[in-house]
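Read the structure below first, then the notes.
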Amino acid sequence: MEALQKLKTRLKNEKKVWIPVCIGILGIALLALSEFLPQEQESSVETAVNSTDDAAYCTELENRLSAVIADVENVGRVRVLLTLEGSAETIYATDVSVQSEQEGDTVSERRDSEYVLIDDSGGDSGMVLRTQTPKVQGVIVVCDGANLPEVASQVTRAVSTALGVGTDRVSVLKMKPEEE
């Protein structure tokens, strides 16, 4: 209690001390207020964006494939379902440095790599080399003409060729008749 009284009398007597004390109190108040501000959730936002991108990619492939298959003779109505292996992967640029040291007959090599960063408006971020789309795991095609062996074979080959998947990963099924 006595120390507090000494501080009060010293603050009253010395005007130059007021400025650092006020700045300190203001800093503490700002730190306390920052605890109540909402924190950014970058990782969950990034995951949501990636999953949305993957879903959009899958839907786009399904629509394009459906349009092409519908143009095949005797196919009729078409629905396509794709399943993807994993999700899109972003490949970042790295800077690799190699240091070699030779001691007698022995050569030792040390490799260091660091991500290449670029200065964005929101701060530093990695330099993207490419984004690798997810691979197609399997395809189901449901169409009216699937009961005709030549149509099923043509559709299977077309899907296999278009997506680069084996024919064992493509299933062509007969669509149920339209209910009137």
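In the structure tokens, chains take the letters A, B, ... in the order shown, each chain's residues start at 1, and ligands count up from 1 in the order shown.
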Do you have, as CSV, the list of residues of range 64-103 of chain A lying at most 9 Å from range 120-135 of chain A, each with its nearest atom pair and that distance in Å to one decimal, counting only C-alpha atoms and ordered by chain then number?
residue,atom,partner,partner_atom,distance
A:Thr83,CA,A:Lys135,CA,8.8
A:Leu84,CA,A:Lys135,CA,5.7
A:Glu85,CA,A:Lys135,CA,5.3
A:Gly86,CA,A:Pro134,CA,6.0
A:Ser87,CA,A:Pro134,CA,5.0
A:Ala88,CA,A:Thr133,CA,4.6
A:Glu89,CA,A:Gln132,CA,5.1
A:Thr90,CA,A:Thr131,CA,4.3
A:Ile91,CA,A:Arg130,CA,5.4
A:Tyr92,CA,A:Val128,CA,4.5
A:Ala93,CA,A:Met127,CA,5.6
A:Thr94,CA,A:Met127,CA,8.4
Using only C-alpha atoms, please write the residues we just selected to a file, as a PDB file, in the first residue's frame.
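This is the output file again.pdb:
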ATOM      1  CA  THR A  83     -15.555 -40.935 -57.163  1.00  0.00           C
ATOM      2  CA  LEU A  84     -12.226 -39.213 -56.607  1.00  0.00           C
ATOM      3  CA  GLU A  85      -9.098 -40.490 -54.901  1.00  0.00           C
ATOM      4  CA  GLY A  86      -8.203 -37.981 -52.214  1.00  0.00           C
ATOM      5  CA  SER A  87      -8.338 -34.284 -52.987  1.00  0.00           C
ATOM      6  CA  ALA A  88      -6.491 -31.665 -55.014  1.00  0.00           C
ATOM      7  CA  GLU A  89      -2.851 -31.195 -54.077  1.00  0.00           C
ATOM      8  CA  THR A  90      -0.959 -27.931 -54.354  1.00  0.00           C
ATOM      9  CA  ILE A  91       2.717 -28.208 -55.294  1.00  0.00           C
ATOM     10  CA  TYR A  92       4.848 -25.323 -54.014  1.00  0.00           C
ATOM     11  CA  ALA A  93       8.175 -24.111 -55.415  1.00  0.00           C
ATOM     12  CA  THR A  94      11.248 -24.925 -53.345  1.00  0.00           C
TER      13      THR A  94
END
Report task. Within 7 Å of Arg110 in chain A, counting only C-alpha atoms, which residues show up once you throw out same-chain ones fewer than 6 positions away? Write them as a PyMOL selection string, please. Result -> chain A and resi 98-100
Residues from last step as file, C-alpha atoms, as a PDB file, in the first residue's frame:
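Once everything was written out, this is selection_36.pdb:
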ATOM      1  CA  VAL A  98      23.482 -28.635 -52.103  1.00  0.00           C
ATOM      2  CA  GLN A  99      26.751 -28.483 -50.180  1.00  0.00           C
ATOM      3  CA  SER A 100      29.438 -31.081 -50.791  1.00  0.00           C
TER       4      SER A 100
END
Query raised in the report: Please, which residues of range 25-171 of chain A, numbered as in this document, come out alpha helix (DSSP H) from DSSP, as number ranges by chain?
Result: A: 25-34, 42-70, 149-163
Query - Near-Val159 in chain A list (9 Å; only C-alpha atoms; drop same-chain fewer than 3 positions) as a PyMOL selection string - result: chain A and resi 65+69+139+141+154-156+162-165+167+170
Determine which residues of range 26-176 of chain A DSSP labels as strand (DSSP E or B) from the backbone of this structure, then write them out as a CSV table (one decimal) with N, CA and C atoms, in the first residue's frame.
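File written: out.csv
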chain,number,residue,atom,x,y,z
A,78,VAL,N,-28.8,-40.5,-69.6
A,78,VAL,CA,-27.6,-40.8,-69.0
A,78,VAL,C,-27.4,-40.1,-67.7
A,79,ARG,N,-26.9,-40.8,-66.7
A,79,ARG,CA,-26.4,-40.2,-65.4
A,79,ARG,C,-25.0,-40.8,-65.1
A,80,VAL,N,-24.1,-39.9,-64.7
A,80,VAL,CA,-22.8,-40.3,-64.4
A,80,VAL,C,-22.4,-40.0,-62.9
A,81,LEU,N,-21.7,-40.9,-62.2
A,81,LEU,CA,-21.2,-40.7,-60.9
A,81,LEU,C,-19.8,-41.0,-60.9
A,82,LEU,N,-19.0,-40.0,-60.4
A,82,LEU,CA,-17.5,-40.2,-60.3
A,82,LEU,C,-17.2,-40.2,-58.8
A,83,THR,N,-16.2,-41.0,-58.5
A,83,THR,CA,-15.6,-40.9,-57.2
A,83,THR,C,-14.1,-40.6,-57.4
A,84,LEU,N,-13.6,-39.7,-56.5
A,84,LEU,CA,-12.2,-39.2,-56.6
A,84,LEU,C,-11.4,-39.8,-55.5
A,85,GLU,N,-10.1,-40.0,-55.8
A,85,GLU,CA,-9.1,-40.5,-54.9
A,85,GLU,C,-8.5,-39.3,-54.2
A,89,GLU,N,-4.1,-31.4,-54.8
A,89,GLU,CA,-2.9,-31.2,-54.1
A,89,GLU,C,-2.1,-30.0,-54.7
A,90,THR,N,-1.7,-29.1,-53.9
A,90,THR,CA,-1.0,-27.9,-54.4
A,90,THR,C,0.5,-28.2,-54.2
A,91,ILE,N,1.3,-28.0,-55.3
A,91,ILE,CA,2.7,-28.2,-55.3
A,91,ILE,C,3.4,-26.8,-55.2
A,92,TYR,N,4.2,-26.6,-54.2
A,92,TYR,CA,4.8,-25.3,-54.0
A,92,TYR,C,6.3,-25.4,-54.5
A,94,THR,N,10.2,-24.9,-54.4
A,94,THR,CA,11.2,-24.9,-53.3
A,94,THR,C,12.6,-24.5,-53.9
A,95,ASP,N,13.4,-24.0,-53.1
A,95,ASP,CA,14.8,-23.6,-53.4
A,95,ASP,C,15.7,-24.6,-52.7
A,96,VAL,N,16.4,-25.4,-53.5
A,96,VAL,CA,17.3,-26.5,-53.0
A,96,VAL,C,18.7,-26.0,-53.1
A,97,SER,N,19.5,-26.1,-52.0
A,97,SER,CA,20.9,-25.9,-52.1
A,97,SER,C,21.6,-27.1,-51.6
A,98,VAL,N,22.7,-27.4,-52.4
A,98,VAL,CA,23.5,-28.6,-52.1
A,98,VAL,C,24.9,-28.2,-51.7
A,99,GLN,N,25.4,-28.8,-50.6
A,99,GLN,CA,26.8,-28.5,-50.2
A,99,GLN,C,27.5,-29.8,-50.1
A,100,SER,N,28.6,-29.9,-50.8
A,100,SER,CA,29.4,-31.1,-50.8
A,100,SER,C,30.7,-30.8,-50.0
A,101,GLU,N,31.1,-31.8,-49.2
A,101,GLU,CA,32.4,-31.7,-48.5
A,101,GLU,C,33.2,-33.0,-48.7
A,102,GLN,N,34.5,-32.8,-49.0
A,102,GLN,CA,35.3,-34.0,-49.2
A,102,GLN,C,36.4,-34.0,-48.1
A,103,GLU,N,36.4,-35.2,-47.4
A,103,GLU,CA,37.4,-35.4,-46.5
A,103,GLU,C,38.1,-36.7,-46.8
A,106,THR,N,36.2,-39.7,-48.7
A,106,THR,CA,34.8,-39.6,-48.4
A,106,THR,C,34.2,-38.3,-48.8
A,107,VAL,N,33.1,-38.4,-49.5
A,107,VAL,CA,32.4,-37.2,-49.9
A,107,VAL,C,31.0,-37.2,-49.3
A,108,SER,N,30.8,-36.1,-48.5
A,108,SER,CA,29.5,-36.0,-47.9
A,108,SER,C,28.7,-34.9,-48.5
A,109,GLU,N,27.4,-35.1,-48.7
A,109,GLU,CA,26.6,-34.1,-49.4
A,109,GLU,C,25.4,-33.7,-48.4
A,110,ARG,N,25.2,-32.4,-48.4
A,110,ARG,CA,24.1,-31.9,-47.5
A,110,ARG,C,23.1,-31.1,-48.4
A,111,ARG,N,21.9,-31.5,-48.3
A,111,ARG,CA,20.8,-30.8,-49.1
A,111,ARG,C,19.9,-30.0,-48.1
A,112,ASP,N,19.7,-28.8,-48.5
A,112,ASP,CA,18.7,-28.0,-47.7
A,112,ASP,C,17.7,-27.5,-48.7
A,113,SER,N,16.4,-27.5,-48.3
A,113,SER,CA,15.4,-26.9,-49.2
A,113,SER,C,14.5,-26.1,-48.4
A,114,GLU,N,14.1,-25.0,-49.0
A,114,GLU,CA,13.2,-24.0,-48.4
A,114,GLU,C,12.1,-23.7,-49.4
A,115,TYR,N,10.9,-23.4,-48.9
A,115,TYR,CA,9.8,-23.0,-49.8
A,115,TYR,C,10.1,-21.6,-50.3
A,117,LEU,N,8.9,-18.1,-51.1
A,117,LEU,CA,7.8,-17.2,-50.6
A,117,LEU,C,7.6,-16.0,-51.4
A,118,ILE,N,6.4,-15.6,-51.7
A,118,ILE,CA,6.1,-14.3,-52.4
A,118,ILE,C,5.3,-13.4,-51.4
A,119,ASP,N,5.5,-12.1,-51.6
A,119,ASP,CA,4.9,-11.2,-50.7
A,119,ASP,C,3.5,-10.8,-51.3
A,120,ASP,N,2.5,-11.3,-50.6
A,120,ASP,CA,1.1,-10.9,-51.0
A,120,ASP,C,0.6,-9.8,-50.1
A,123,GLY,N,0.3,-10.8,-46.6
A,123,GLY,CA,1.5,-11.4,-46.0
A,123,GLY,C,2.2,-12.4,-46.9
A,124,ASP,N,3.2,-13.1,-46.4
A,124,ASP,CA,3.9,-14.0,-47.3
A,124,ASP,C,3.1,-15.3,-47.5
A,125,SER,N,3.3,-15.8,-48.7
A,125,SER,CA,2.6,-17.1,-49.0
A,125,SER,C,3.6,-17.9,-50.0
A,126,GLY,N,3.4,-19.2,-50.1
A,126,GLY,CA,4.2,-20.0,-50.9
A,126,GLY,C,3.9,-19.8,-52.4
A,128,VAL,N,3.1,-21.1,-55.8
A,128,VAL,CA,2.5,-22.3,-56.3
A,128,VAL,C,3.0,-22.6,-57.7
A,129,LEU,N,3.6,-23.8,-57.8
A,129,LEU,CA,4.0,-24.3,-59.1
A,129,LEU,C,2.8,-24.9,-59.9
A,130,ARG,N,2.0,-25.7,-59.3
A,130,ARG,CA,0.9,-26.3,-60.0
A,130,ARG,C,-0.1,-26.9,-58.9
A,131,THR,N,-1.3,-27.0,-59.3
A,131,THR,CA,-2.3,-27.7,-58.5
A,131,THR,C,-2.6,-29.0,-59.2
A,132,GLN,N,-2.4,-30.1,-58.5
A,132,GLN,CA,-2.7,-31.4,-59.1
A,132,GLN,C,-4.1,-31.9,-58.8
A,135,LYS,N,-7.2,-37.8,-58.6
A,135,LYS,CA,-7.4,-38.9,-59.6
A,135,LYS,C,-8.8,-39.5,-59.5
A,136,VAL,N,-9.3,-39.9,-60.6
A,136,VAL,CA,-10.6,-40.6,-60.6
A,136,VAL,C,-10.4,-42.0,-60.1
A,137,GLN,N,-11.2,-42.4,-59.1
A,137,GLN,CA,-11.1,-43.7,-58.6
A,137,GLN,C,-12.0,-44.7,-59.3
A,138,GLY,N,-13.2,-44.2,-59.6
A,138,GLY,CA,-14.2,-45.1,-60.2
A,138,GLY,C,-15.3,-44.3,-60.9
A,139,VAL,N,-16.0,-44.9,-61.8
A,139,VAL,CA,-17.1,-44.3,-62.6
A,139,VAL,C,-18.3,-45.2,-62.7
A,140,ILE,N,-19.5,-44.7,-62.4
A,140,ILE,CA,-20.7,-45.4,-62.7
A,140,ILE,C,-21.5,-44.6,-63.7
A,141,VAL,N,-21.9,-45.3,-64.8
A,141,VAL,CA,-22.7,-44.7,-65.8
A,141,VAL,C,-24.0,-45.5,-65.8
A,142,VAL,N,-25.1,-44.8,-65.7
A,142,VAL,CA,-26.4,-45.4,-65.7
A,142,VAL,C,-27.1,-44.8,-67.0
A,143,CYS,N,-27.5,-45.7,-67.9
A,143,CYS,CA,-28.1,-45.2,-69.2
A,143,CYS,C,-29.1,-46.2,-69.7
A,170,VAL,N,-14.9,-48.9,-64.4
A,170,VAL,CA,-16.0,-48.3,-65.0
A,170,VAL,C,-17.2,-49.3,-65.0
A,171,SER,N,-18.3,-48.9,-64.5
A,171,SER,CA,-19.5,-49.8,-64.4
A,171,SER,C,-20.6,-49.1,-65.2
A,172,VAL,N,-21.2,-49.8,-66.2
A,172,VAL,CA,-22.3,-49.3,-67.0
A,172,VAL,C,-23.5,-50.1,-66.6
A,173,LEU,N,-24.5,-49.4,-66.2
A,173,LEU,CA,-25.7,-50.1,-65.7
A,173,LEU,C,-27.0,-49.6,-66.4
A,174,LYS,N,-28.0,-50.4,-66.5
A,174,LYS,CA,-29.2,-50.1,-67.2
A,174,LYS,C,-30.1,-49.2,-66.3
Requested in this report: Tell me, as a PyMOL selection string, which residues lie within 10 Å of Val72 in chain A, counting only C-alpha atoms; anything in the same chain fewer than 2 positions away does not count.
Outcome: chain A and resi 67-70+74-76+145+151+154-155+158
Report task. Can you work out the spacing between CA of Pro149 in chain A and CA of Glu73 in chain A in Å, to one decimal? Result -> 12.7 Å
